[in-house]
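J.: What follows is query.txt; its format and atoms are compact mmCIF, C-alpha atoms and all ligand atoms.
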# COMPACT_ATOMS: atom_id res chain seq x y z
CA MET A 20 19.53 5.54 15.82
CA SER A 21 21.73 3.62 18.27
CA THR A 22 23.86 5.52 20.83
CA GLY A 23 25.88 2.38 21.41
CA LYS A 24 24.69 2.22 25.03
CA THR A 25 23.22 -1.00 26.36
CA ALA A 26 20.75 -1.36 29.22
CA LEU A 27 19.50 -4.47 30.98
CA ILE A 28 16.09 -4.20 32.64
CA THR A 29 14.79 -6.79 35.08
CA GLY A 30 11.01 -6.62 35.49
CA ILE A 31 10.67 -5.42 31.90
CA THR A 32 7.14 -6.83 31.61
CA GLY A 33 5.86 -4.68 34.51
CA GLN A 34 4.45 -1.16 34.53
CA ASP A 35 7.78 0.63 35.00
CA GLY A 36 9.66 -1.79 32.73
CA ALA A 37 7.38 -0.87 29.84
CA TYR A 38 7.73 2.90 30.29
CA LEU A 39 11.48 2.68 30.89
CA SER A 40 11.95 0.55 27.76
CA GLU A 41 10.13 3.19 25.70
CA LEU A 42 12.29 5.94 27.18
CA LEU A 43 15.61 4.16 26.64
CA LEU A 44 14.74 3.08 23.08
CA SER A 45 13.82 6.69 22.29
CA LYS A 46 17.28 7.68 23.55
CA GLY A 47 18.97 5.19 21.21
CA TYR A 48 19.82 2.47 23.73
CA THR A 49 19.85 -1.21 22.97
CA VAL A 50 17.51 -2.64 25.60
CA HIS A 51 17.77 -6.16 26.98
CA GLY A 52 15.07 -7.38 29.31
CA ILE A 53 14.60 -10.36 31.57
CA LYS A 54 11.16 -11.93 31.48
CA ARG A 55 9.84 -14.91 33.39
CA ARG A 56 8.54 -17.98 31.71
CA SER A 57 4.79 -18.05 32.21
CA SER A 58 2.04 -20.42 31.10
CA SER A 59 0.11 -17.41 29.78
CA PHE A 60 1.28 -14.25 28.01
CA ASN A 61 2.94 -11.75 30.32
CA THR A 62 4.24 -9.34 27.66
CA SER A 63 1.11 -7.30 26.88
CA ARG A 64 2.69 -4.06 28.15
CA ILE A 65 5.70 -4.34 25.82
CA GLU A 66 4.16 -5.99 22.76
CA HIS A 67 4.37 -2.74 20.78
CA LEU A 68 8.16 -2.71 21.33
CA TYR A 69 8.73 -6.30 20.25
CA GLN A 70 11.24 -6.80 17.44
CA ASP A 71 11.68 -9.97 15.44
CA PRO A 72 14.98 -11.37 16.71
CA HIS A 73 15.88 -12.17 13.09
CA VAL A 74 16.19 -8.48 12.13
CA GLU A 75 19.70 -7.14 11.82
CA ASP A 76 20.96 -5.48 15.04
CA PRO A 77 17.74 -5.67 17.06
CA ARG A 78 17.54 -3.04 19.78
CA PHE A 79 14.94 -4.73 21.98
CA ILE A 80 15.87 -8.22 23.12
CA LEU A 81 14.20 -10.42 25.73
CA HIS A 82 15.87 -13.17 27.76
CA TYR A 83 14.18 -15.73 29.95
CA GLY A 84 15.21 -15.48 33.57
CA ASP A 85 14.26 -15.17 37.19
CA MET A 86 15.53 -13.18 40.15
CA THR A 87 15.75 -16.41 42.14
CA ASP A 88 18.26 -17.99 39.71
CA SER A 89 21.85 -16.78 40.20
CA THR A 90 23.38 -18.66 37.31
CA ASN A 91 20.80 -17.28 34.93
CA LEU A 92 21.41 -13.71 36.10
CA ILE A 93 25.18 -14.05 35.84
CA ARG A 94 24.91 -15.48 32.33
CA VAL A 95 22.56 -12.76 31.09
CA VAL A 96 24.74 -10.00 32.57
CA GLN A 97 27.82 -11.61 31.00
CA GLU A 98 26.18 -11.96 27.59
CA THR A 99 24.74 -8.45 27.51
CA GLN A 100 27.64 -6.53 29.16
CA PRO A 101 25.28 -3.69 30.05
CA ASP A 102 26.31 -0.09 30.65
CA GLU A 103 23.27 0.26 32.88
CA ILE A 104 21.21 -2.26 34.85
CA TYR A 105 17.76 -1.24 36.08
CA ASN A 106 16.60 -3.71 38.72
CA LEU A 107 12.83 -3.37 38.60
CA ALA A 108 11.88 -7.03 39.07
CA ALA A 109 10.10 -7.79 42.31
CA GLN A 110 7.15 -9.47 43.92
CA SER A 111 5.82 -5.94 44.25
CA HIS A 112 2.45 -6.41 45.95
CA VAL A 113 2.59 -5.47 49.64
CA ALA A 114 -0.51 -7.47 50.66
CA VAL A 115 0.71 -10.56 48.76
CA SER A 116 4.06 -10.35 50.59
CA PHE A 117 2.28 -11.27 53.84
CA GLU A 118 1.13 -14.49 52.10
CA THR A 119 4.49 -15.23 50.43
CA PRO A 120 7.14 -13.72 52.73
CA GLU A 121 9.92 -16.18 51.93
CA TYR A 122 9.49 -15.94 48.17
CA THR A 123 9.31 -12.15 48.44
CA ALA A 124 12.62 -12.12 50.34
CA ASN A 125 14.19 -14.42 47.76
CA ALA A 126 13.14 -12.37 44.74
CA ASP A 127 13.27 -8.83 46.16
CA ALA A 128 16.13 -9.01 48.68
CA VAL A 129 18.47 -11.84 47.65
CA GLY A 130 17.61 -11.26 43.98
CA THR A 131 19.15 -7.79 44.24
CA LEU A 132 22.24 -9.24 45.90
CA ARG A 133 22.54 -11.78 43.06
CA LEU A 134 22.68 -9.00 40.48
CA LEU A 135 25.20 -6.97 42.47
CA GLU A 136 27.34 -10.08 42.84
CA ALA A 137 27.12 -10.69 39.09
CA ILE A 138 28.61 -7.21 38.54
CA ARG A 139 31.38 -7.97 41.06
CA LEU A 140 32.19 -11.50 39.85
CA LEU A 141 32.26 -10.42 36.19
CA LYS A 142 34.48 -7.43 37.11
CA LEU A 143 32.01 -5.01 35.55
CA GLY A 144 32.21 -2.54 38.45
CA ASP A 145 33.99 0.07 36.32
CA ARG A 146 31.53 -0.24 33.47
CA THR A 147 28.07 -1.09 34.70
CA ARG A 148 25.85 1.37 36.56
CA PHE A 149 23.08 -0.03 38.74
CA TYR A 150 19.61 1.31 39.57
CA GLN A 151 17.66 -0.26 42.42
CA ALA A 152 13.89 0.10 42.64
CA SER A 153 13.67 1.11 46.28
CA THR A 154 10.41 2.28 47.73
CA SER A 155 8.58 4.66 50.04
CA GLU A 156 7.35 1.51 51.82
CA LEU A 157 10.75 1.60 53.57
CA TYR A 158 9.41 4.51 55.67
CA GLY A 159 6.46 2.44 56.91
CA LEU A 160 5.46 3.63 60.37
CA VAL A 161 5.54 7.41 60.27
CA GLN A 162 8.74 8.87 61.74
CA GLU A 163 8.76 12.23 59.94
CA VAL A 164 6.70 14.04 57.28
CA PRO A 165 7.36 14.75 54.52
CA GLN A 166 9.65 11.76 54.10
CA ARG A 167 13.07 12.47 52.60
CA GLU A 168 16.37 10.65 52.03
CA THR A 169 17.41 11.14 55.68
CA THR A 170 14.13 9.98 57.26
CA PRO A 171 14.64 6.77 59.30
CA PHE A 172 13.18 3.58 57.85
CA TYR A 173 10.59 1.42 59.65
CA PRO A 174 9.35 -1.30 57.26
CA ARG A 175 5.86 -2.64 57.93
CA SER A 176 5.63 -5.68 55.63
CA PRO A 177 7.72 -8.59 54.36
CA TYR A 178 7.91 -6.67 51.07
CA ALA A 179 9.30 -3.57 52.76
CA ALA A 180 11.74 -5.60 54.89
CA ALA A 181 13.04 -7.35 51.75
CA LYS A 182 13.43 -3.99 50.00
CA LEU A 183 15.28 -2.66 53.07
CA TYR A 184 17.90 -5.41 52.69
CA ALA A 185 18.23 -4.61 48.99
CA TYR A 186 18.58 -0.89 49.76
CA TRP A 187 21.48 -1.46 52.12
CA MET A 188 23.22 -3.95 49.81
CA VAL A 189 23.20 -1.27 47.12
CA VAL A 190 24.77 1.21 49.55
CA ASN A 191 27.29 -1.43 50.62
CA TYR A 192 28.38 -2.36 47.08
CA ARG A 193 28.78 1.33 46.34
CA GLU A 194 30.96 1.88 49.41
CA ALA A 195 32.83 -1.44 49.46
CA TYR A 196 33.50 -1.99 45.74
CA GLY A 197 32.92 1.43 44.18
CA VAL A 198 29.99 0.21 42.08
CA HIS A 199 27.97 3.11 40.60
CA ALA A 200 24.81 1.91 42.34
CA SER A 201 21.86 4.16 43.21
CA ASN A 202 18.61 3.71 45.10
CA GLY A 203 15.56 5.47 43.74
CA ILE A 204 13.21 5.74 46.73
CA LEU A 205 10.08 6.04 44.67
CA PHE A 206 6.69 6.92 46.09
CA ASN A 207 3.61 5.31 44.52
CA HIS A 208 3.42 5.89 40.79
CA GLU A 209 0.53 4.78 38.68
CA SER A 210 -0.68 4.80 35.08
CA PRO A 211 -3.07 3.00 32.75
CA LEU A 212 -0.44 0.21 32.76
CA ARG A 213 -0.67 -0.26 36.55
CA GLY A 214 -1.39 -3.84 37.67
CA GLU A 215 -5.10 -4.37 38.22
CA THR A 216 -4.83 -5.39 41.89
CA PHE A 217 -3.12 -2.18 43.05
CA VAL A 218 -5.66 0.16 44.56
CA THR A 219 -5.73 2.97 41.97
CA ARG A 220 -6.17 0.66 38.99
CA LYS A 221 -8.62 -1.55 40.86
CA ILE A 222 -10.69 1.60 41.46
CA THR A 223 -10.49 3.08 37.94
CA ARG A 224 -11.24 -0.26 36.33
CA ALA A 225 -14.20 -0.87 38.63
CA ALA A 226 -15.58 2.64 38.02
CA ALA A 227 -15.45 1.96 34.27
CA ALA A 228 -16.92 -1.55 34.58
CA ILE A 229 -19.76 -0.39 36.88
CA LYS A 230 -20.51 2.52 34.52
CA LEU A 231 -20.73 0.12 31.56
CA GLY A 232 -22.84 -2.38 33.48
CA LEU A 233 -20.23 -5.13 33.74
CA GLN A 234 -19.74 -5.00 37.52
CA ASP A 235 -22.12 -4.30 40.41
CA LYS A 236 -19.90 -3.20 43.23
CA LEU A 237 -16.32 -2.45 44.27
CA TYR A 238 -14.94 -4.02 47.46
CA LEU A 239 -11.97 -2.26 49.07
CA GLY A 240 -9.92 -2.42 52.27
CA ASN A 241 -8.57 0.58 54.19
CA LEU A 242 -10.04 3.79 52.78
CA ASP A 243 -8.13 5.96 55.28
CA ALA A 244 -4.61 5.29 53.95
CA ARG A 245 -2.90 8.29 52.36
CA ARG A 246 -0.59 7.96 49.39
CA ASP A 247 1.61 10.30 47.33
CA TRP A 248 0.59 9.29 43.80
CA GLY A 249 2.53 10.37 40.69
CA HIS A 250 2.68 9.27 37.04
CA ALA A 251 4.93 6.28 36.22
CA ARG A 252 6.11 7.78 32.92
CA GLU A 253 7.64 10.73 34.79
CA TYR A 254 9.23 8.51 37.45
CA VAL A 255 11.14 6.28 34.99
CA ARG A 256 12.76 9.46 33.62
CA GLY A 257 14.08 10.06 37.15
CA MET A 258 15.56 6.53 37.22
CA TRP A 259 17.50 7.24 34.04
CA MET A 260 18.65 10.64 35.35
CA MET A 261 20.13 9.00 38.46
CA LEU A 262 22.39 6.80 36.33
CA GLN A 263 23.62 9.78 34.24
CA GLN A 264 25.23 11.44 37.30
CA ASP A 265 28.99 11.29 37.86
CA TRP A 266 28.40 9.94 41.38
CA ALA A 267 25.89 7.37 42.49
CA ASP A 268 23.52 8.42 45.26
CA ASP A 269 20.03 7.79 46.66
CA TYR A 270 17.05 9.97 45.72
CA VAL A 271 13.39 10.33 46.66
CA LEU A 272 10.96 10.75 43.75
CA ALA A 273 7.54 11.98 44.86
CA THR A 274 4.99 14.70 44.18
CA GLY A 275 4.88 16.18 47.70
CA GLU A 276 1.09 15.84 47.85
CA THR A 277 -0.85 13.13 49.66
CA THR A 278 -4.41 11.90 49.05
CA LEU A 279 -6.78 9.57 50.87
CA VAL A 280 -7.77 6.33 49.12
CA ARG A 281 -11.38 7.44 49.77
CA ASP A 282 -10.83 10.65 47.78
CA PHE A 283 -9.32 8.76 44.85
CA VAL A 284 -12.42 6.54 44.82
CA ALA A 285 -14.75 9.56 44.88
CA LYS A 286 -12.84 11.24 42.06
CA ALA A 287 -12.95 8.15 39.82
CA PHE A 288 -16.71 7.70 40.33
CA ASP A 289 -17.32 11.43 39.75
CA LEU A 290 -15.53 11.06 36.42
CA VAL A 291 -17.97 8.36 35.28
CA GLU A 292 -20.89 10.47 36.52
CA LEU A 293 -21.74 8.21 39.43
CA PRO A 294 -21.10 10.68 42.30
CA LEU A 295 -20.76 9.00 45.69
CA GLU A 296 -21.99 9.86 49.17
CA TRP A 297 -20.21 8.12 52.05
CA ARG A 298 -22.35 6.54 54.76
CA GLY A 299 -21.34 4.63 57.91
CA SER A 300 -17.81 4.19 59.21
CA GLY A 301 -15.12 1.51 59.59
CA VAL A 302 -16.13 -1.83 58.09
CA GLU A 303 -19.70 -0.49 57.74
CA GLU A 304 -18.64 2.37 55.48
CA ALA A 305 -20.18 2.38 52.01
CA GLY A 306 -20.17 4.58 48.92
CA ILE A 307 -23.76 5.20 47.76
CA CYS A 308 -24.53 6.64 44.35
CA ALA A 309 -26.02 10.09 45.03
CA ARG A 310 -28.21 9.83 41.93
CA THR A 311 -29.59 6.28 42.17
CA GLY A 312 -29.14 5.36 45.84
CA ARG A 313 -27.33 2.15 44.80
CA THR A 314 -24.43 0.94 46.96
CA LEU A 315 -21.39 0.95 44.66
CA VAL A 316 -18.48 0.69 47.13
CA GLU A 317 -18.21 -1.50 50.23
CA VAL A 318 -15.43 -2.23 52.69
CA ASP A 319 -14.25 -5.84 52.84
CA PRO A 320 -11.91 -6.53 55.80
CA ARG A 321 -10.26 -9.24 53.68
CA TYR A 322 -8.28 -6.43 52.05
CA PHE A 323 -6.97 -5.05 55.37
CA ARG A 324 -3.26 -5.68 55.95
CA PRO A 325 -1.83 -7.09 59.20
CA THR A 326 0.23 -3.91 59.46
CA GLU A 327 -0.58 -0.83 57.40
CA VAL A 328 1.40 2.17 56.16
CA ASP A 329 -0.95 5.03 57.02
CA LEU A 330 0.67 8.10 55.52
CA LEU A 331 3.15 8.63 52.71
CA ILE A 332 4.18 12.04 51.48
CA GLY A 333 7.58 12.55 49.92
CA ASP A 334 9.93 15.50 49.61
CA PRO A 335 11.60 15.35 46.18
CA SER A 336 13.81 18.45 46.75
CA LYS A 337 17.10 16.57 46.37
CA ALA A 338 16.07 15.05 43.03
CA ARG A 339 14.82 18.44 41.85
CA GLU A 340 18.00 20.27 42.84
CA ARG A 341 20.62 17.68 41.84
CA LEU A 342 18.98 15.85 38.93
CA GLY A 343 16.67 18.57 37.63
CA TRP A 344 13.81 16.05 37.96
CA GLU A 345 10.27 17.44 38.06
CA HIS A 346 6.94 15.70 38.22
CA GLY A 347 4.13 17.18 36.14
CA THR A 348 0.95 15.16 36.61
CA LYS A 349 -1.19 15.71 39.68
CA TRP A 350 -3.16 12.82 41.19
CA ASP A 351 -6.55 13.97 39.87
CA ALA A 352 -5.26 14.26 36.28
CA LEU A 353 -3.65 10.82 36.70
CA CYS A 354 -6.98 9.44 37.91
CA ALA A 355 -8.74 10.99 34.90
CA GLU A 356 -6.25 9.43 32.46
CA MET A 357 -6.65 6.01 34.08
CA VAL A 358 -10.46 6.20 34.07
CA ARG A 359 -10.47 7.29 30.41
CA GLU A 360 -8.23 4.39 29.39
CA ASP A 361 -10.21 1.89 31.46
CA LEU A 362 -13.50 3.01 29.88
CA ILE A 363 -11.95 2.26 26.47
CA ALA A 364 -10.48 -1.07 27.60
CA VAL A 365 -13.66 -2.30 29.31
CA ALA A 366 -15.83 -1.28 26.32
CA ARG A 367 -13.44 -3.20 24.03
CA GLU A 368 -13.71 -6.31 26.23
CA GLN A 369 -17.51 -5.92 26.21
CA ARG A 370 -17.55 -5.85 22.39
CA CYS A 371 -15.24 -8.88 22.15
CA SER A 372 -17.36 -10.98 24.50
CA ALA A 373 -20.50 -10.03 22.53
CA GLU A 374 -18.97 -11.23 19.24
P1 LIG A 401 5.09 -4.62 38.58
O1 LIG A 401 4.53 -5.52 39.62
O2 LIG A 401 4.20 -4.01 37.55
O3 LIG A 401 6.26 -5.39 37.80
C1 LIG A 401 7.13 -6.26 38.46
C2 LIG A 401 8.00 -6.95 37.43
O4 LIG A 401 8.88 -7.86 38.10
C3 LIG A 401 7.23 -7.77 36.40
O5 LIG A 401 7.90 -7.67 35.16
C4 LIG A 401 7.34 -9.18 36.95
O6 LIG A 401 7.19 -10.18 35.97
C5 LIG A 401 8.77 -9.12 37.45
N1 LIG A 401 9.09 -10.17 38.42
C6 LIG A 401 8.42 -10.50 39.56
N2 LIG A 401 9.04 -11.51 40.20
C7 LIG A 401 10.10 -11.86 39.42
C8 LIG A 401 11.11 -12.83 39.52
N3 LIG A 401 11.16 -13.69 40.54
N4 LIG A 401 12.05 -12.91 38.55
C9 LIG A 401 12.02 -12.06 37.49
N5 LIG A 401 11.07 -11.11 37.32
C10 LIG A 401 10.13 -11.01 38.30
O7 LIG A 401 5.87 -3.47 39.37
P2 LIG A 401 6.14 -1.94 38.95
O8 LIG A 401 6.53 -1.86 37.54
O9 LIG A 401 5.02 -1.12 39.49
O10 LIG A 401 7.38 -1.59 39.89
C11 LIG A 401 8.73 -1.83 39.44
C12 LIG A 401 9.63 -1.94 40.65
O11 LIG A 401 9.58 -0.74 41.41
C13 LIG A 401 9.31 -3.06 41.61
O12 LIG A 401 10.53 -3.55 42.12
C14 LIG A 401 8.52 -2.39 42.73
O13 LIG A 401 8.68 -3.09 43.92
C15 LIG A 401 9.22 -1.05 42.77
N6 LIG A 401 8.41 0.09 43.18
C16 LIG A 401 7.22 0.36 42.58
C17 LIG A 401 6.51 1.48 42.91
C18 LIG A 401 5.21 1.80 42.26
O14 LIG A 401 4.46 2.64 42.81
N7 LIG A 401 4.89 1.24 41.10
C19 LIG A 401 7.01 2.42 43.93
C20 LIG A 401 8.30 2.05 44.47
C21 LIG A 401 8.96 0.94 44.10
P3 LIG A 401 5.73 -10.75 35.54
O15 LIG A 401 5.20 -9.75 34.54
O16 LIG A 401 6.05 -12.06 34.95
O17 LIG A 401 4.91 -10.81 36.79
P1 LIG A 402 1.04 0.07 48.12
O1 LIG A 402 -0.05 0.10 46.94
O2 LIG A 402 0.74 -0.96 49.14
O3 LIG A 402 1.18 1.48 48.59
O4 LIG A 402 2.34 -0.43 47.33
P2 LIG A 402 -1.53 -0.44 46.84
O5 LIG A 402 -2.13 0.26 45.69
O6 LIG A 402 -1.57 -1.94 46.88
O7 LIG A 402 -2.20 0.08 48.22
C1 LIG A 402 -2.29 1.46 48.52
C2 LIG A 402 -3.17 1.65 49.74
O8 LIG A 402 -4.52 1.32 49.40
C3 LIG A 402 -5.07 0.52 50.44
N1 LIG A 402 -6.17 -0.29 49.91
C4 LIG A 402 -6.06 -1.26 49.00
N2 LIG A 402 -4.99 -1.75 48.32
C5 LIG A 402 -5.20 -2.74 47.42
N3 LIG A 402 -4.16 -3.20 46.71
N4 LIG A 402 -6.42 -3.29 47.23
C6 LIG A 402 -7.54 -2.85 47.91
O9 LIG A 402 -8.64 -3.38 47.73
C7 LIG A 402 -7.34 -1.78 48.83
N5 LIG A 402 -8.18 -1.10 49.64
C8 LIG A 402 -7.46 -0.19 50.28
C9 LIG A 402 -3.90 -0.30 50.94
O10 LIG A 402 -4.17 -0.84 52.22
C10 LIG A 402 -2.80 0.76 50.93
O11 LIG A 402 -2.83 1.50 52.10
C11 LIG A 402 2.66 0.08 46.04
C12 LIG A 402 3.41 -1.02 45.28
O12 LIG A 402 3.59 -0.62 43.95
C13 LIG A 402 4.77 -1.27 45.91
O13 LIG A 402 5.52 -2.15 45.08
C14 LIG A 402 5.51 0.06 46.02
O14 LIG A 402 6.75 -0.14 46.65
C15 LIG A 402 4.68 1.06 46.81
O15 LIG A 402 3.44 1.25 46.14
C16 LIG A 402 5.36 2.42 46.90
Starting from the file, give its structure as structure tokens.
Ligand code: NDP
Ligand code: GDR
T.:
Amino acid sequence: MSTGKTALITGITGQDGAYLSELLLSKGYTVHGIKRRSSSFNTSRIEHLYQDPHVEDPRFILHYGDMTDSTNLIRVVQETQPDEIYNLAAQSHVAVSFETPEYTANADAVGTLRLLEAIRLLKLGDRTRFYQASTSELYGLVQEVPQRETTPFYPRSPYAAAKLYAYWMVVNYREAYGVHASNGILFNHESPLRGETFVTRKITRAAAAIKLGLQDKLYLGNLDARRDWGHAREYVRGMWMMLQQDWADDYVLATGETTLVRDFVAKAFDLVELPLEWRGSGVEEAGICARTGRTLVEVDPRYFRPTEVDLLIGDPSKARERLGWEHGTKWDALCAEMVREDLIAVAREQRCSAE
């Protein structure tokens, strides 16, 4: 049943866009999403939500667009007149941002400004609430642990620097024009829908593929980085909660627990019954299967970043106290869910290629 509320989601085809769409549809929203034109399908995460546009009063509607195209964004905002905009679109891969710094700035930094300007130009400031997908990458070089809303920022990548600009534009539009605009400073959140080149999914997919005999080895970069990993489904609920408050504000969403990349790898391989022993150190480090003696994990310096974020651990107290937000899934349960889903997905691909 419709609540009459309308949301516009940029980045609807991504991990968070898919979970947020499900959440808002379940709450009776009409959901509009901006998707990029692509030469191959980019809607696999939201296919189950697709509605034939010919049905009467569709509640899930996609529009072509791009964060680098102001006129497109203004037109879509004007046509949809959203009560809530969730700006999730971004070139979101930190390592890729070192290769494409200018594009990352255009999409992630100026793209956010374009949307805020659309709200201002269309005089929607009294109606439209705005959520910005800010990030724990803003903290970068460790200044304080755990990191909270008041911790100073020190971005360590073109991605983080672009997100820093977006963060401050959100604060500025809130203060200068009274826009109900909030930053969610979200720590890493993962799921079976996570992109396959982010480290958790790369690991769980490789563990499944090695177990099923489709891959020999997993190559990784820095195994010593620590991340605060939560479940994406729980984090999109926090995004929605921020926009239901009377006053816009900025909130950290995190679990408060941090884990080494190396430990996530070990857990995933344990789950597929290929327990690892670590040998060597630095670029020589390798994960050897304790049962067979086979080398399953190697370090490849190609995956090192020019500047790294060594330690992320967030303090979600403000979100807990003011929003009532809680996370439920711990990193090892998250890892288990991802491995389970990847075993199913890889086995399905194996069957298809055999047919
Ligand atoms: P994904 O990479 O899974 O999704 C990014 C989305 O943005 C995709 O829909 C992508 O489209 C779209 N997109 C990329 N560039 C453009 C562009 N130029 N114009 C329009 N759309 C574009 O990211 P997540 O879902 O994981 O993250 C959502 C947001 O939250 C991102 O802004 C990310 O930076 C931020 N974030 C993520 C965290 C996490 O741990 N997941 C933590 C903190 C912040 P396509 O499918 O065509 O590529
Ligand atoms: P991150 O996530 O950079 O934290 O950004 P990612 O999973 O890419 O890296 C996490 C850590 O793992 C190390 N690492 C590797 N990373 C990748 N991708 N591939 C590897 O082979 C590999 N080996 C080791 C990385 O060096 C890093 O330390 C994510 C994104 O979703 C951002 O958009 C978001 O803002 C932040 O999380 C919070």
J.: Skip region 337-352 of chain A itself and residues of its chain fewer than 3 positions away, then list as a short mmCIF file (atom, residue, chain, number, x, y, z; two decimals) with C-alpha atoms, in the frame of the given file all residues within 7 Å of it, counting all atoms listed in the file.
T.:
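The new file result29.cif reads:
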data_model
loop_
_atom_site.label_atom_id
_atom_site.label_comp_id
_atom_site.auth_asym_id
_atom_site.auth_seq_id
_atom_site.Cartn_x
_atom_site.Cartn_y
_atom_site.Cartn_z
CA TRP A 248 0.59 9.29 43.80
CA GLY A 249 2.53 10.37 40.69
CA HIS A 250 2.68 9.27 37.04
CA GLU A 253 7.64 10.73 34.79
CA GLY A 257 14.08 10.06 37.15
CA MET A 260 18.65 10.64 35.35
CA MET A 261 20.13 9.00 38.46
CA TYR A 270 17.05 9.97 45.72
CA VAL A 271 13.39 10.33 46.66
CA LEU A 272 10.96 10.75 43.75
CA THR A 274 4.99 14.70 44.18
CA ALA A 355 -8.74 10.99 34.90
CA GLU A 356 -6.25 9.43 32.46
#
J.: Within 6 Å of ligand LIG 401 (chain A), counting all atoms listed in the file, which protein or nucleic acid residues do you find, written as JSON, numbers by chain?
T.: {"A": [30, 31, 32, 33, 34, 35, 36, 54, 55, 61, 85, 86, 87, 107, 108, 109, 110, 111, 126, 152, 153, 154, 205, 206, 207, 208, 214]}
J.: Show me a table, sorted first by chain and then by increasing residue number, of the residues of chain A having an atom at most 6 Å from ligand LIG 402 (chain A), each with its shortest atom pair and the distance in Å to one decimal, counting all atoms listed in the file and written as JSON lines.
T.:
{"residue": "A:Ser111", "atom": "CA", "partner": "A:LIG402", "partner_atom": "O13", "distance": 3.9}
{"residue": "A:His112", "atom": "CA", "partner": "A:LIG402", "partner_atom": "O13", "distance": 5.3}
{"residue": "A:Val113", "atom": "CA", "partner": "A:LIG402", "partner_atom": "O2", "distance": 4.9}
{"residue": "A:Thr154", "atom": "CA", "partner": "A:LIG402", "partner_atom": "O14", "distance": 4.5}
{"residue": "A:Ser155", "atom": "CA", "partner": "A:LIG402", "partner_atom": "C16", "distance": 5.0}
{"residue": "A:Glu156", "atom": "CA", "partner": "A:LIG402", "partner_atom": "C16", "distance": 5.4}
{"residue": "A:Phe206", "atom": "CA", "partner": "A:LIG402", "partner_atom": "C16", "distance": 4.8}
{"residue": "A:Asn207", "atom": "CA", "partner": "A:LIG402", "partner_atom": "C16", "distance": 4.1}
{"residue": "A:Thr216", "atom": "CA", "partner": "A:LIG402", "partner_atom": "N3", "distance": 5.3}
{"residue": "A:Phe217", "atom": "CA", "partner": "A:LIG402", "partner_atom": "O5", "distance": 3.7}
{"residue": "A:Val218", "atom": "CA", "partner": "A:LIG402", "partner_atom": "O5", "distance": 3.7}
{"residue": "A:Thr219", "atom": "CA", "partner": "A:LIG402", "partner_atom": "O5", "distance": 5.8}
{"residue": "A:Leu239", "atom": "CA", "partner": "A:LIG402", "partner_atom": "O9", "distance": 3.8}
{"residue": "A:Gly240", "atom": "CA", "partner": "A:LIG402", "partner_atom": "N5", "distance": 3.4}
{"residue": "A:Asn241", "atom": "CA", "partner": "A:LIG402", "partner_atom": "C8", "distance": 4.1}
{"residue": "A:Leu242", "atom": "CA", "partner": "A:LIG402", "partner_atom": "C8", "distance": 5.4}
{"residue": "A:Ala244", "atom": "CA", "partner": "A:LIG402", "partner_atom": "O11", "distance": 4.6}
{"residue": "A:Val280", "atom": "CA", "partner": "A:LIG402", "partner_atom": "O8", "distance": 6.0}
{"residue": "A:Tyr322", "atom": "CA", "partner": "A:LIG402", "partner_atom": "O9", "distance": 5.3}
{"residue": "A:Phe323", "atom": "CA", "partner": "A:LIG402", "partner_atom": "O10", "distance": 6.0}
{"residue": "A:Val328", "atom": "CA", "partner": "A:LIG402", "partner_atom": "O11", "distance": 5.9}
J.: Just C-alpha atoms for this one: save the residues we selected as an mmCIF file, in the coordinates of the input.
T.:
data_model
loop_
_atom_site.group_PDB
_atom_site.id
_atom_site.type_symbol
_atom_site.label_atom_id
_atom_site.label_comp_id
_atom_site.auth_asym_id
_atom_site.auth_seq_id
_atom_site.Cartn_x
_atom_site.Cartn_y
_atom_site.Cartn_z
ATOM 1 C CA SER A 111 5.820 -5.940 44.250
ATOM 2 C CA HIS A 112 2.450 -6.410 45.950
ATOM 3 C CA VAL A 113 2.590 -5.470 49.640
ATOM 4 C CA THR A 154 10.410 2.280 47.730
ATOM 5 C CA SER A 155 8.580 4.660 50.040
ATOM 6 C CA GLU A 156 7.350 1.510 51.820
ATOM 7 C CA PHE A 206 6.690 6.920 46.090
ATOM 8 C CA ASN A 207 3.610 5.310 44.520
ATOM 9 C CA THR A 216 -4.830 -5.390 41.890
ATOM 10 C CA PHE A 217 -3.120 -2.180 43.050
ATOM 11 C CA VAL A 218 -5.660 0.160 44.560
ATOM 12 C CA THR A 219 -5.730 2.970 41.970
ATOM 13 C CA LEU A 239 -11.970 -2.260 49.070
ATOM 14 C CA GLY A 240 -9.920 -2.420 52.270
ATOM 15 C CA ASN A 241 -8.570 0.580 54.190
ATOM 16 C CA LEU A 242 -10.040 3.790 52.780
ATOM 17 C CA ALA A 244 -4.610 5.290 53.950
ATOM 18 C CA VAL A 280 -7.770 6.330 49.120
ATOM 19 C CA TYR A 322 -8.280 -6.430 52.050
ATOM 20 C CA PHE A 323 -6.970 -5.050 55.370
ATOM 21 C CA VAL A 328 1.400 2.170 56.160
#
J.: Just give me the gap between CA of Val318 (chain A) and CA of Leu237 (chain A) in Å, one decimal is fine.
T.: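 So the answer is 8.5 Å.
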J.: What lies within 10 Å of Arg193 (chain A) using only C-alpha atoms, ignoring chain neighbours under 6 positions off, as a list in words?
T.: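 The contact residues come out as Leu135, Gly144, Phe149, Trp187, His199, Ala200, Ser201, Trp266, Ala267 and Asp268 of chain A.
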J.: Show which residues sit within 7 Å of Ala287 (chain A), as a CSV table (one decimal) with C-alpha atoms, keeping the file's coordinate frame. Count all atoms listed in the file, and ignore same-chain residues fewer than 2 positions away.
T.:
chain,number,residue,atom,x,y,z
A,223,THR,CA,-10.5,3.1,37.9
A,226,ALA,CA,-15.6,2.6,38.0
A,283,PHE,CA,-9.3,8.8,44.8
A,284,VAL,CA,-12.4,6.5,44.8
A,285,ALA,CA,-14.8,9.6,44.9
A,289,ASP,CA,-17.3,11.4,39.8
A,290,LEU,CA,-15.5,11.1,36.4
A,291,VAL,CA,-18.0,8.4,35.3
A,354,CYS,CA,-7.0,9.4,37.9
A,358,VAL,CA,-10.5,6.2,34.1
